[in-house]
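So this one's input32.cif, mmCIF, C-alpha atoms:
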```cif
data_upload
loop_
_atom_site.label_atom_id
_atom_site.label_comp_id
_atom_site.auth_asym_id
_atom_site.auth_seq_id
_atom_site.Cartn_x
_atom_site.Cartn_y
_atom_site.Cartn_z
CA MET A 1293 0.91 18.37 18.39
CA ARG A 1294 3.52 17.30 15.83
CA LEU A 1295 4.28 18.64 12.38
CA SER A 1296 3.65 15.69 10.06
CA LYS A 1297 3.74 17.11 6.53
CA ILE A 1298 4.85 20.31 4.84
CA ASN A 1299 4.66 21.88 1.39
CA PHE A 1300 5.85 25.40 0.67
CA THR A 1301 5.82 27.68 -2.37
CA VAL A 1302 6.98 31.27 -2.77
CA ARG A 1303 6.57 33.62 -5.75
CA PRO A 1304 5.15 31.22 -8.34
CA ASP A 1305 5.65 32.51 -11.91
CA GLU A 1306 8.01 35.22 -10.63
CA PRO A 1307 11.76 35.63 -10.14
CA GLY A 1308 12.63 34.06 -6.81
CA TYR A 1309 10.20 31.16 -7.25
CA TRP A 1310 11.01 28.30 -4.88
CA GLU A 1311 9.08 25.21 -3.87
CA ILE A 1312 9.48 22.16 -1.67
CA GLN A 1313 7.04 19.29 -1.97
CA ASP A 1314 5.64 16.69 0.43
CA VAL A 1315 8.13 16.37 3.27
CA LEU A 1316 6.73 13.74 5.63
CA LEU A 1317 7.74 13.94 9.27
CA GLY A 1318 7.56 11.63 12.27
CA ASP A 1319 8.99 11.86 15.77
CA PHE A 1320 12.59 11.46 14.58
CA ASN A 1321 13.64 12.85 11.20
CA LEU A 1322 16.88 13.02 9.24
CA ILE A 1323 16.79 15.42 6.29
CA VAL A 1324 19.63 14.51 3.91
CA ALA A 1325 20.78 16.78 1.10
CA SER A 1326 23.91 17.97 -0.64
CA ASN A 1327 25.10 21.50 0.06
CA ALA A 1328 23.10 24.25 -1.67
CA THR A 1329 20.12 21.94 -2.11
CA GLY A 1330 17.77 23.54 0.40
CA LYS A 1331 18.01 21.74 3.74
CA THR A 1332 18.69 24.93 5.71
CA ARG A 1333 15.99 26.76 3.80
CA PHE A 1334 13.61 23.93 4.67
CA LEU A 1335 14.25 24.52 8.38
CA ASN A 1336 13.80 28.26 7.78
CA ILE A 1337 10.34 27.55 6.36
CA ILE A 1338 9.34 25.73 9.55
CA SER A 1339 10.83 28.27 11.95
CA THR A 1340 9.36 31.19 9.97
CA LEU A 1341 5.88 29.68 10.23
CA ALA A 1342 6.38 29.30 13.98
CA LYS A 1343 7.45 32.95 14.31
CA ILE A 1344 4.39 34.07 12.35
CA PHE A 1345 2.22 32.03 14.74
CA THR A 1346 3.84 33.67 17.80
CA ASN A 1347 3.73 37.14 16.18
CA GLU A 1348 7.51 37.53 16.38
CA ILE A 1349 7.76 38.61 12.74
CA ASP A 1350 5.46 40.26 10.23
CA PRO A 1351 3.68 38.04 7.69
CA PHE A 1352 6.23 36.58 5.31
CA ASN A 1353 5.60 36.03 1.59
CA GLY A 1354 4.87 32.41 0.83
CA SER A 1355 2.29 29.66 0.76
CA TRP A 1356 2.33 26.91 3.38
CA ARG A 1357 0.32 23.68 3.23
CA VAL A 1358 1.06 21.75 6.40
CA GLU A 1359 -0.38 18.96 8.49
CA PHE A 1360 -0.18 18.55 12.24
CA LYS A 1361 -0.97 15.41 14.17
CA ASP A 1362 -2.43 15.74 17.64
CA GLU A 1363 -2.93 12.21 19.00
CA GLN A 1364 -5.43 10.75 16.49
CA ILE A 1365 -6.52 14.08 14.99
CA ILE A 1366 -4.99 15.40 11.77
CA TYR A 1367 -5.08 19.17 11.31
CA ARG A 1368 -4.58 20.53 7.79
CA TYR A 1369 -3.57 24.16 7.65
CA GLU A 1370 -3.10 26.40 4.61
CA LEU A 1371 -1.66 29.89 4.72
CA GLU A 1372 -0.97 32.12 1.74
CA ILE A 1373 0.67 35.49 2.24
CA ASN A 1374 1.44 38.04 -0.48
CA HIS A 1375 3.05 41.39 0.28
CA ASN A 1376 2.13 41.08 3.96
CA ILE A 1377 -1.53 40.43 3.17
CA ILE A 1378 -3.19 37.20 4.32
CA VAL A 1379 -4.66 36.08 1.02
CA LYS A 1380 -5.91 32.71 2.29
CA GLU A 1381 -6.07 30.88 5.59
CA ILE A 1382 -7.82 27.51 6.03
CA LEU A 1383 -7.82 25.01 8.88
CA TRP A 1384 -9.39 21.54 8.88
CA SER A 1385 -9.66 19.05 11.74
CA GLY A 1386 -10.21 15.77 9.97
CA ASN A 1387 -13.25 16.48 7.79
CA ASN A 1388 -14.41 19.43 9.90
CA LEU A 1389 -13.71 22.91 8.57
CA LEU A 1390 -12.68 25.12 11.51
CA LEU A 1391 -11.46 28.23 9.72
CA LYS A 1392 -11.70 29.75 6.26
CA ARG A 1393 -10.82 33.31 5.41
CA HIS A 1394 -9.85 35.43 2.42
CA LYS A 1395 -8.09 38.67 3.33
CA ASP A 1396 -10.43 40.40 5.82
CA THR A 1397 -13.47 38.14 5.42
CA GLY A 1398 -13.88 34.73 6.96
CA LYS A 1399 -15.70 32.16 9.03
CA ILE A 1400 -14.42 30.48 12.19
CA TYR A 1401 -15.84 27.70 14.34
CA SER A 1402 -16.44 28.46 18.02
CA PHE A 1403 -16.36 25.45 20.37
CA GLU A 1404 -17.92 27.53 23.12
CA LYS A 1405 -20.92 28.57 21.00
CA ASN A 1406 -20.93 25.36 18.94
CA GLU A 1407 -21.42 27.29 15.71
CA THR A 1408 -19.50 28.86 12.85
CA LEU A 1409 -19.16 32.62 13.15
CA ASP A 1410 -18.47 35.35 10.61
CA PHE A 1411 -15.45 37.47 11.42
CA SER A 1412 -13.41 40.27 9.84
CA PRO A 1413 -9.72 39.98 10.78
CA PRO A 1414 -7.13 42.60 9.76
CA GLN A 1415 -5.68 41.70 6.37
CA ASN A 1416 -2.12 41.68 7.71
CA GLU A 1417 -2.76 39.47 10.75
CA ILE A 1418 -3.22 35.70 10.89
CA THR A 1419 -6.29 34.53 12.80
CA LEU A 1420 -4.19 33.09 15.63
CA ASN A 1421 -2.91 36.59 16.47
CA VAL A 1422 -6.38 38.18 16.71
CA ARG A 1423 -8.57 35.40 18.13
CA LYS A 1424 -7.30 34.18 21.48
CA SER A 1425 -9.58 32.07 23.65
CA ILE A 1426 -8.65 28.62 24.91
CA LYS A 1427 -12.30 27.63 25.45
CA GLU A 1428 -13.63 29.10 22.22
CA TYR A 1429 -10.74 28.28 19.84
CA PRO A 1430 -8.67 25.51 21.47
CA TYR A 1431 -7.25 24.46 18.10
CA LEU A 1432 -5.64 27.89 17.68
CA GLU A 1433 -4.07 27.52 21.11
CA SER A 1434 -2.62 24.17 20.02
CA LEU A 1435 -0.97 25.84 17.01
CA TYR A 1436 0.44 28.55 19.24
CA SER A 1437 1.84 26.01 21.72
CA TRP A 1438 3.58 24.16 18.88
CA ALA A 1439 5.17 27.36 17.66
CA TYR A 1440 6.14 28.63 21.12
CA ASN A 1441 7.92 25.36 21.93
CA LEU A 1442 9.88 25.15 18.70
CA LEU A 1443 13.66 25.37 19.13
CA ARG A 1444 16.16 25.91 16.31
CA TYR A 1445 19.92 25.28 16.50
CA ASN A 1446 22.72 25.44 13.95
CA PHE A 1447 25.77 23.25 14.56
CA SER A 1448 27.73 25.05 11.86
CA GLY A 1449 29.68 28.06 13.10
CA VAL A 1450 29.18 27.33 16.82
CA ILE A 1451 32.51 27.32 18.65
CA PRO A 1452 33.17 26.80 22.38
CA GLN A 1453 35.09 30.08 22.66
CA HIS A 1454 31.88 32.05 22.15
CA ILE A 1455 29.75 32.36 25.29
CA SER A 1456 26.46 34.25 25.41
CA ILE A 1457 25.13 35.50 28.74
CA PRO A 1458 21.32 34.95 28.77
CA TYR A 1459 19.31 38.02 29.71
CA ASN A 1460 16.34 36.02 31.06
CA ARG A 1461 15.20 32.41 31.53
CA ALA A 1462 13.60 32.22 28.10
CA SER A 1463 16.92 33.03 26.43
CA LEU A 1464 18.58 30.00 28.06
CA LEU A 1465 17.42 27.91 25.11
CA GLU A 1466 18.01 30.44 22.32
CA ASN A 1467 21.31 29.07 21.08
CA LEU A 1468 24.14 26.69 21.96
CA ASN A 1469 26.33 29.49 23.30
CA THR A 1470 24.11 29.95 26.40
CA ILE A 1471 24.30 26.28 27.42
CA PRO A 1472 26.78 26.70 30.32
CA TYR A 1473 24.05 28.64 32.15
CA LEU A 1474 21.52 25.90 31.47
CA LEU A 1475 23.94 23.28 32.76
CA ARG A 1476 24.37 25.33 35.94
CA GLU A 1477 20.66 24.85 36.62
CA LEU A 1478 20.94 21.08 36.12
CA ILE A 1479 24.17 20.56 38.03
CA GLU A 1480 22.51 19.50 41.31
CA ASP A 1481 20.50 16.72 39.66
CA LYS A 1482 22.88 13.77 39.91
CA GLU A 1483 20.76 11.49 37.71
CA VAL A 1484 20.66 14.02 34.88
CA MET A 1485 24.37 14.73 35.15
CA SER A 1486 25.12 11.02 35.13
CA ARG A 1487 23.07 10.54 31.95
CA ILE A 1488 24.83 13.41 30.18
CA VAL A 1489 28.28 12.09 31.10
CA LYS A 1490 27.27 8.59 30.01
CA ASP A 1491 25.97 9.88 26.67
CA VAL A 1492 29.11 11.90 25.96
CA ALA A 1493 31.29 8.92 26.85
CA SER A 1494 29.26 6.66 24.59
CA MET A 1495 30.15 8.94 21.68
CA GLY A 1496 33.80 8.04 22.23
CA TYR A 1497 34.88 10.98 24.38
CA GLU A 1498 36.81 9.79 27.47
CA VAL A 1499 34.75 11.88 29.89
CA ASP A 1500 33.88 10.82 33.44
CA GLY A 1501 32.94 14.16 34.99
CA LEU A 1502 31.18 17.39 34.09
CA GLY A 1503 30.91 20.76 35.80
CA VAL A 1504 30.51 24.52 35.47
CA LYS A 1505 33.18 27.13 36.26
CA THR A 1506 32.01 30.66 37.08
CA GLU A 1507 33.96 33.89 36.88
CA GLN A 1508 32.75 37.35 37.88
CA MET A 1509 32.92 39.87 35.04
CA GLY A 1510 31.66 43.22 36.26
CA PHE A 1511 27.98 42.81 37.06
CA ASN A 1512 27.74 39.55 35.16
CA GLU A 1513 28.81 35.98 35.81
CA LEU A 1514 30.63 34.23 32.99
CA CYS A 1515 29.89 30.51 33.02
CA MET A 1516 31.96 27.87 31.23
CA ILE A 1517 31.51 24.13 30.96
CA SER A 1518 34.34 21.98 32.27
CA VAL A 1519 34.90 18.29 31.60
CA LYS A 1520 37.07 15.75 33.36
CA GLU A 1521 38.68 13.15 31.11
CA LYS A 1522 39.68 9.79 32.55
CA ASP A 1523 43.37 10.01 31.69
CA LEU A 1524 43.87 13.65 32.79
CA ALA A 1525 44.41 14.98 36.30
CA TYR A 1526 42.91 18.39 35.45
CA ASP A 1527 39.64 19.68 34.04
CA ILE A 1528 39.35 20.86 30.46
CA LEU A 1529 37.57 24.21 30.23
CA GLN A 1530 35.10 24.97 27.48
CA PRO A 1531 37.41 27.18 25.35
CA HIS A 1532 39.78 24.22 24.96
CA MET A 1533 37.13 21.69 23.87
CA SER A 1534 36.82 20.59 20.26
CA ASP A 1535 33.99 22.22 18.33
CA GLY A 1536 32.25 18.91 17.72
CA MET A 1537 32.40 17.82 21.34
CA PHE A 1538 31.00 21.15 22.56
CA ARG A 1539 28.13 21.09 20.06
CA ALA A 1540 27.17 17.51 20.88
CA LEU A 1541 27.45 18.11 24.62
CA SER A 1542 25.33 21.27 24.36
CA LEU A 1543 22.58 19.47 22.48
CA LEU A 1544 22.55 16.62 24.99
CA ILE A 1545 22.20 19.14 27.83
CA ILE A 1546 19.28 20.80 26.04
CA MET A 1547 17.59 17.45 25.49
CA GLU A 1548 17.83 16.57 29.18
CA HIS A 1549 16.28 19.92 30.08
CA ILE A 1550 13.31 19.71 27.72
CA LEU A 1551 12.66 16.03 28.41
CA SER A 1552 12.22 16.90 32.07
CA SER A 1553 9.25 19.14 31.23
CA ASP A 1554 5.70 18.12 30.40
CA SER A 1555 5.61 20.28 27.27
CA GLU A 1556 5.77 19.12 23.68
CA TYR A 1557 8.83 20.41 21.86
CA THR A 1558 9.91 20.48 18.25
CA VAL A 1559 13.69 20.72 17.94
CA LEU A 1560 15.38 21.64 14.66
CA VAL A 1561 19.12 21.08 14.28
CA ASP A 1562 20.94 22.10 11.11
CA ASP A 1563 24.13 20.29 10.03
CA ILE A 1564 24.03 17.74 12.87
CA ASN A 1565 27.30 16.22 11.59
CA GLU A 1566 29.29 19.48 11.53
CA GLY A 1567 32.53 19.03 13.48
CA LEU A 1568 31.94 15.33 14.10
CA ASP A 1569 33.39 12.35 12.28
CA TYR A 1570 31.05 9.73 10.85
CA ASP A 1571 31.31 7.39 13.85
CA ARG A 1572 30.50 10.09 16.41
CA SER A 1573 27.73 11.54 14.24
CA SER A 1574 26.19 8.07 14.02
CA ARG A 1575 26.42 7.55 17.77
CA LEU A 1576 24.84 10.94 18.45
CA LEU A 1577 21.90 10.09 16.19
CA SER A 1578 21.41 6.80 18.01
CA ILE A 1579 21.49 8.53 21.40
CA LEU A 1580 18.97 11.17 20.32
CA LEU A 1581 16.64 8.59 18.79
CA ASN A 1582 16.63 6.54 21.99
CA LYS A 1583 16.12 9.63 24.13
CA ILE A 1584 12.98 10.87 22.41
CA HIS A 1585 11.33 7.47 22.00
CA GLY A 1586 7.94 7.63 23.68
CA THR A 1587 8.34 11.30 24.69
CA ASN A 1588 6.74 14.62 23.72
CA VAL A 1589 9.74 15.70 21.62
CA GLN A 1590 9.96 15.80 17.83
CA LEU A 1591 13.44 16.02 16.29
CA ILE A 1592 14.15 17.31 12.77
CA LEU A 1593 17.84 17.09 11.88
CA THR A 1594 19.64 17.96 8.66
CA THR A 1595 22.93 16.67 7.26
CA ASN A 1596 24.94 16.79 4.06
CA ASP A 1597 26.52 13.41 4.85
CA ARG A 1598 24.60 10.78 2.93
CA ASN A 1599 26.47 8.03 4.75
CA LEU A 1600 24.45 8.87 7.87
CA ILE A 1601 21.47 7.21 6.22
CA ASN A 1602 23.20 4.00 7.29
CA SER A 1603 22.83 5.06 10.93
CA VAL A 1604 19.04 5.19 11.12
CA ASN A 1605 16.01 3.30 9.90
CA ILE A 1606 15.21 4.39 6.36
CA ARG A 1607 11.70 5.37 7.47
CA HIS A 1608 13.24 8.33 9.34
CA VAL A 1609 14.88 9.76 6.20
CA ASN A 1610 13.78 12.45 3.74
CA LEU A 1611 16.24 12.84 0.87
CA LEU A 1612 16.13 16.23 -0.87
CA GLU A 1613 17.14 16.86 -4.47
CA ARG A 1614 16.96 20.26 -6.14
CA HIS A 1615 15.74 20.57 -9.73
CA GLY A 1616 16.00 24.25 -10.54
CA SER A 1617 13.69 26.04 -8.12
CA VAL A 1618 11.84 22.90 -7.05
CA ILE A 1619 13.03 20.70 -4.18
CA LYS A 1620 11.81 17.17 -4.65
CA VAL A 1621 11.60 14.89 -1.63
CA PHE A 1622 12.20 11.15 -1.68
CA ASN A 1623 11.15 9.12 1.33
CA HIS A 1624 10.05 5.64 2.27
CA SER A 1625 6.41 6.49 1.66
CA ASN A 1626 6.59 8.00 -1.83
CA SER A 1627 9.66 6.28 -3.31
CA LYS A 1628 9.85 2.69 -2.15
CA GLY A 1629 10.90 1.47 -5.57
CA LYS A 1630 13.41 4.26 -6.15
CA TYR A 1631 15.52 4.03 -2.99
CA GLY A 1632 17.58 1.25 -4.52
CA ASP A 1633 18.48 3.55 -7.44
CA PHE A 1634 20.37 6.03 -5.28
CA ILE A 1635 24.11 5.50 -5.05
CA LEU A 1636 24.22 5.55 -1.26
CA SER A 1637 26.50 3.31 0.71
CA GLY A 1638 24.47 0.60 2.40
CA LEU A 1639 21.08 2.11 1.62
CA ASP A 1640 19.91 -0.95 -0.30
CA LYS A 1641 20.82 -3.17 2.66
CA ILE A 1642 18.80 -1.04 5.04
CA TYR A 1643 15.85 -0.92 2.70
CA ASN A 1644 15.79 -4.67 2.25
#
```

Could you write out this file's structure as structure tokens?
Amino acid sequence: MRLSKINFTVRPDEPGYWEIQDVLLGDFNLIVASNATGKTRFLNIISTLAKIFTNEIDPFNGSWRVEFKDEQIIYRYELEINHNIIVKEILWSGNNLLLKRHKDTGKIYSFEKNETLDFSPPQNEITLNVRKSIKEYPYLESLYSWAYNLLRYNFSGVIPQHISIPYNRASLLENLNTIPYLLRELIEDKEVMSRIVKDVASMGYEVDGLGVKTEQMGFNELCMISVKEKDLAYDILQPHMSDGMFRALSLLIIMEHILSSDSEYTVLVDDINEGLDYDRSSRLLSILLNKIHGTNVQLILTTNDRNLINSVNIRHVNLLERHGSVIKVFNHSNSKGKYGDFILSGLDKIYN
């Protein structure tokens, strides 16, 4: 299941009103916007919805209208929450209404019984959190799986000197600072290690070897990534890497890990260009695009560098512009005639 479209509104006609309209998403997505436009907030909207689905946070004020694509089926889901109360929740599969509820009154379709049932959910709980049955409500399980396998990373602020020791296996993927421990699990797979080294080298880093150094610190093991550069006789330990190199390397390690699984993942990365020059940012985008082609992974990346539009097919781009409290989205589908009006280096050449 992939997120294919999203609209979001919060506090209409009140202070704090904010809205983003018609973001269209495919397998690979580059969200381009100037600073303070709303690209990080856009990712927050997606990750917040996922956390509501997995019951990690209480219902969050806002109104979501989203679409998911599962093979040839389009699911349309609406969720409106006001002061922790589920005001509205609707789910369609194509033209089939699966779920409709208002506060504590609703109807839900049961695949097991092949009929629509009345139900009375708690007003402060979404249906997914109170109706769990793979056979009876498989569509709810699909929503949960999407949310459970959503990963969110911020390039900005991540530095190689900060290392987080994961407290369990699930926390291995929580942030980029736990990646040395993930690499330690992959280290014996020579094919994977070879691909990571090749990818890092293709970004312009003179790396021909990769490893993990471990030090005992009390009851814990402190792991650090080490790289071997072609022209150096010694390894470079993680604290001495550049910020950009560490962030790119960490993301490539994560991608190798999740691509080896059979699960569908949605990966959000904020400020994908942070710490990288234009050439290396462009190469990283190309590597990621090639990696996920034909896989179960959806990538949603944000950047404030409009030049990166030159690095991908224009069909992968959503350009955000803020007009007061409303974020308008321009993409290949809704603005074919307008793309040439933007003053973006090379955009017209790509479009043509």

May I have a table of the residues of range 1453-1480 of chain A lying at most 12 Å from range 1424-1442 of chain A, giving each one's closest pair of atoms and their distance in Å to one decimal, counting only C-alpha atoms, ordered by chain and ascending residue number, as a tab-separated table?
```
residue	atom	partner	partner_atom	distance
A:Ala1462	CA	A:Tyr1440	CA	10.8
A:Leu1465	CA	A:Leu1442	CA	10.3
A:Glu1466	CA	A:Leu1442	CA	10.4
```

Hey, what's within 8 Å of range 1310-1324 of chain A if we count only C-alpha atoms and toss same-chain stuff fewer than 6 positions away? As a ChimeraX atom specification, please?
/A:1294-1304,1331,1334,1581,1584-1585,1589-1598,1601,1608-1612,1617-1621,1623

Hits of the PyMOL selection byres ((chain A and resi 1377) around 8) in this structure, as a ChimeraX atom specification
/A:1351,1373-1376,1378-1379,1395,1415-1417

To verify the selection step, state as a ChimeraX atom specification which residues the PyMOL selection byres ((chain A and resi 1398-1409) around 9) yields on this input.
/A:1381,1389-1397,1410-1413,1427-1430

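One distance worth recording is that between CA of Glu1370 in chain A and CA of Asp1305 in chain A, which is 19.7 Å.
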
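When all atoms listed in the file are used to compute distances to Val1604 in chain A, the closest of the residues A:Leu1577, A:Leu1544, A:Asp1481, A:Gly1386 turns out to be A:Leu1577.
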
Separating CA of Lys1343 in chain A from CA of Thr1587 in chain A, to the nearest tenth of an Å, is a gap of 24.0 Å

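Comparing A:Glu1359, A:Glu1556, A:Asp1535, A:Glu1306 by their smallest distance to Asn1469 in chain A, the closest is A:Asp1535 (using only C-alpha atoms).
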
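Nearest residue to Lys1380 in chain A, choosing from A:Ile1349, A:Ile1418, A:Met1547, A:Ile1366 and counting all atoms listed in the file: A:Ile1418.
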
Which one of A:Gly1501, A:Pro1531, A:Pro1414, A:Gly1449 sits closest to Met1485 in chain A if you count only C-alpha atoms?
A:Gly1501

Selection in question (the file shown): the PyMOL selection byres ((chain A and resi 1530) around 12). Which residues does it include, as a short mmCIF file (atom, residue, chain, number, x, y, z; two decimals) with C-alpha atoms, in the frame of the given file?
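Contents of the output file selection30.cif:
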```cif
data_model
loop_
_atom_site.label_atom_id
_atom_site.label_comp_id
_atom_site.auth_asym_id
_atom_site.auth_seq_id
_atom_site.Cartn_x
_atom_site.Cartn_y
_atom_site.Cartn_z
CA ILE A 1451 32.51 27.32 18.65
CA PRO A 1452 33.17 26.80 22.38
CA GLN A 1453 35.09 30.08 22.66
CA HIS A 1454 31.88 32.05 22.15
CA ILE A 1455 29.75 32.36 25.29
CA ASN A 1469 26.33 29.49 23.30
CA ILE A 1471 24.30 26.28 27.42
CA PRO A 1472 26.78 26.70 30.32
CA LEU A 1502 31.18 17.39 34.09
CA GLY A 1503 30.91 20.76 35.80
CA VAL A 1504 30.51 24.52 35.47
CA LYS A 1505 33.18 27.13 36.26
CA THR A 1506 32.01 30.66 37.08
CA LEU A 1514 30.63 34.23 32.99
CA CYS A 1515 29.89 30.51 33.02
CA MET A 1516 31.96 27.87 31.23
CA ILE A 1517 31.51 24.13 30.96
CA SER A 1518 34.34 21.98 32.27
CA VAL A 1519 34.90 18.29 31.60
CA LYS A 1520 37.07 15.75 33.36
CA ASP A 1527 39.64 19.68 34.04
CA ILE A 1528 39.35 20.86 30.46
CA LEU A 1529 37.57 24.21 30.23
CA PRO A 1531 37.41 27.18 25.35
CA HIS A 1532 39.78 24.22 24.96
CA MET A 1533 37.13 21.69 23.87
CA SER A 1534 36.82 20.59 20.26
CA ASP A 1535 33.99 22.22 18.33
CA GLY A 1536 32.25 18.91 17.72
CA MET A 1537 32.40 17.82 21.34
CA PHE A 1538 31.00 21.15 22.56
CA ARG A 1539 28.13 21.09 20.06
CA LEU A 1541 27.45 18.11 24.62
CA SER A 1542 25.33 21.27 24.36
#
```

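Computed from the coordinates, the CA of Met1293 in chain A to CA of Tyr1557 in chain A distance equals 8.9 Å.
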
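The nearest approach to His1549 in chain A among the residues A:Leu1468, A:Ile1382, A:Ile1365, A:Val1484, with all atoms listed in the file taken into account, belongs to A:Val1484.
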
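Each of A:Ile1546, A:Leu1443, A:Ile1344, A:Leu1383 was compared to Arg1357 in chain A using only C-alpha atoms, and A:Leu1383 turns out to be the nearest.
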
Where is the centre and how long are the edges: axis-aligned box on range 1326-1333 of chain A, 3 Å on each side, Å to one decimal, as AutoDock Vina command-line options:
```
--center_x 20.5 --center_y 22.4 --center_z 1.8 --size_x 15.1 --size_y 14.8 --size_z 13.8
```

Any chance you could model all heavy atoms for range 1408-1415 of chain A and send them as a compact mmCIF listing (two decimals), keeping the file's coordinate frame?
```txt
# COMPACT_ATOMS: atom_id res chain seq x y z
N THR A 1408 -20.47 28.15 13.69
CA THR A 1408 -19.50 28.86 12.85
C THR A 1408 -19.87 30.33 12.78
O THR A 1408 -21.03 30.68 12.48
CB THR A 1408 -19.46 28.24 11.43
OG1 THR A 1408 -19.06 26.87 11.53
CG2 THR A 1408 -18.47 28.99 10.55
N LEU A 1409 -18.91 31.18 13.06
CA LEU A 1409 -19.16 32.62 13.15
C LEU A 1409 -18.49 33.36 11.99
O LEU A 1409 -17.41 32.97 11.53
CB LEU A 1409 -18.60 33.17 14.47
CG LEU A 1409 -19.00 32.44 15.76
CD1 LEU A 1409 -18.23 33.02 16.93
CD2 LEU A 1409 -20.51 32.56 15.98
N ASP A 1410 -19.12 34.44 11.55
CA ASP A 1410 -18.47 35.35 10.61
C ASP A 1410 -17.49 36.22 11.39
O ASP A 1410 -17.76 36.61 12.54
CB ASP A 1410 -19.51 36.25 9.92
CG ASP A 1410 -20.43 35.45 9.02
OD1 ASP A 1410 -19.96 34.47 8.40
OD2 ASP A 1410 -21.63 35.80 8.95
N PHE A 1411 -16.38 36.53 10.78
CA PHE A 1411 -15.45 37.47 11.42
C PHE A 1411 -14.67 38.23 10.36
O PHE A 1411 -14.58 37.81 9.20
CB PHE A 1411 -14.54 36.75 12.41
CG PHE A 1411 -13.38 35.99 11.81
CD1 PHE A 1411 -12.07 36.30 12.15
CD2 PHE A 1411 -13.59 34.95 10.90
CE1 PHE A 1411 -11.01 35.59 11.61
CE2 PHE A 1411 -12.54 34.22 10.38
CZ PHE A 1411 -11.24 34.55 10.73
N SER A 1412 -14.12 39.38 10.76
CA SER A 1412 -13.41 40.27 9.84
C SER A 1412 -12.04 40.61 10.42
O SER A 1412 -11.87 41.67 11.06
CB SER A 1412 -14.22 41.54 9.58
OG SER A 1412 -15.47 41.24 9.00
N PRO A 1413 -11.06 39.73 10.22
CA PRO A 1413 -9.72 39.98 10.78
C PRO A 1413 -8.98 41.03 9.95
O PRO A 1413 -9.28 41.24 8.77
CB PRO A 1413 -9.04 38.61 10.65
CG PRO A 1413 -9.70 38.00 9.44
CD PRO A 1413 -11.12 38.46 9.46
N PRO A 1414 -7.99 41.70 10.54
CA PRO A 1414 -7.13 42.60 9.76
C PRO A 1414 -6.43 41.81 8.66
O PRO A 1414 -6.02 40.66 8.87
CB PRO A 1414 -6.13 43.12 10.80
CG PRO A 1414 -6.79 42.90 12.12
CD PRO A 1414 -7.64 41.68 11.97
N GLN A 1415 -6.26 42.41 7.50
CA GLN A 1415 -5.68 41.70 6.37
C GLN A 1415 -4.23 41.29 6.60
O GLN A 1415 -3.75 40.35 5.97
CB GLN A 1415 -5.75 42.56 5.10
CG GLN A 1415 -7.16 42.81 4.61
CD GLN A 1415 -7.17 43.48 3.25
OE1 GLN A 1415 -6.40 43.13 2.36
NE2 GLN A 1415 -8.06 44.46 3.09
```
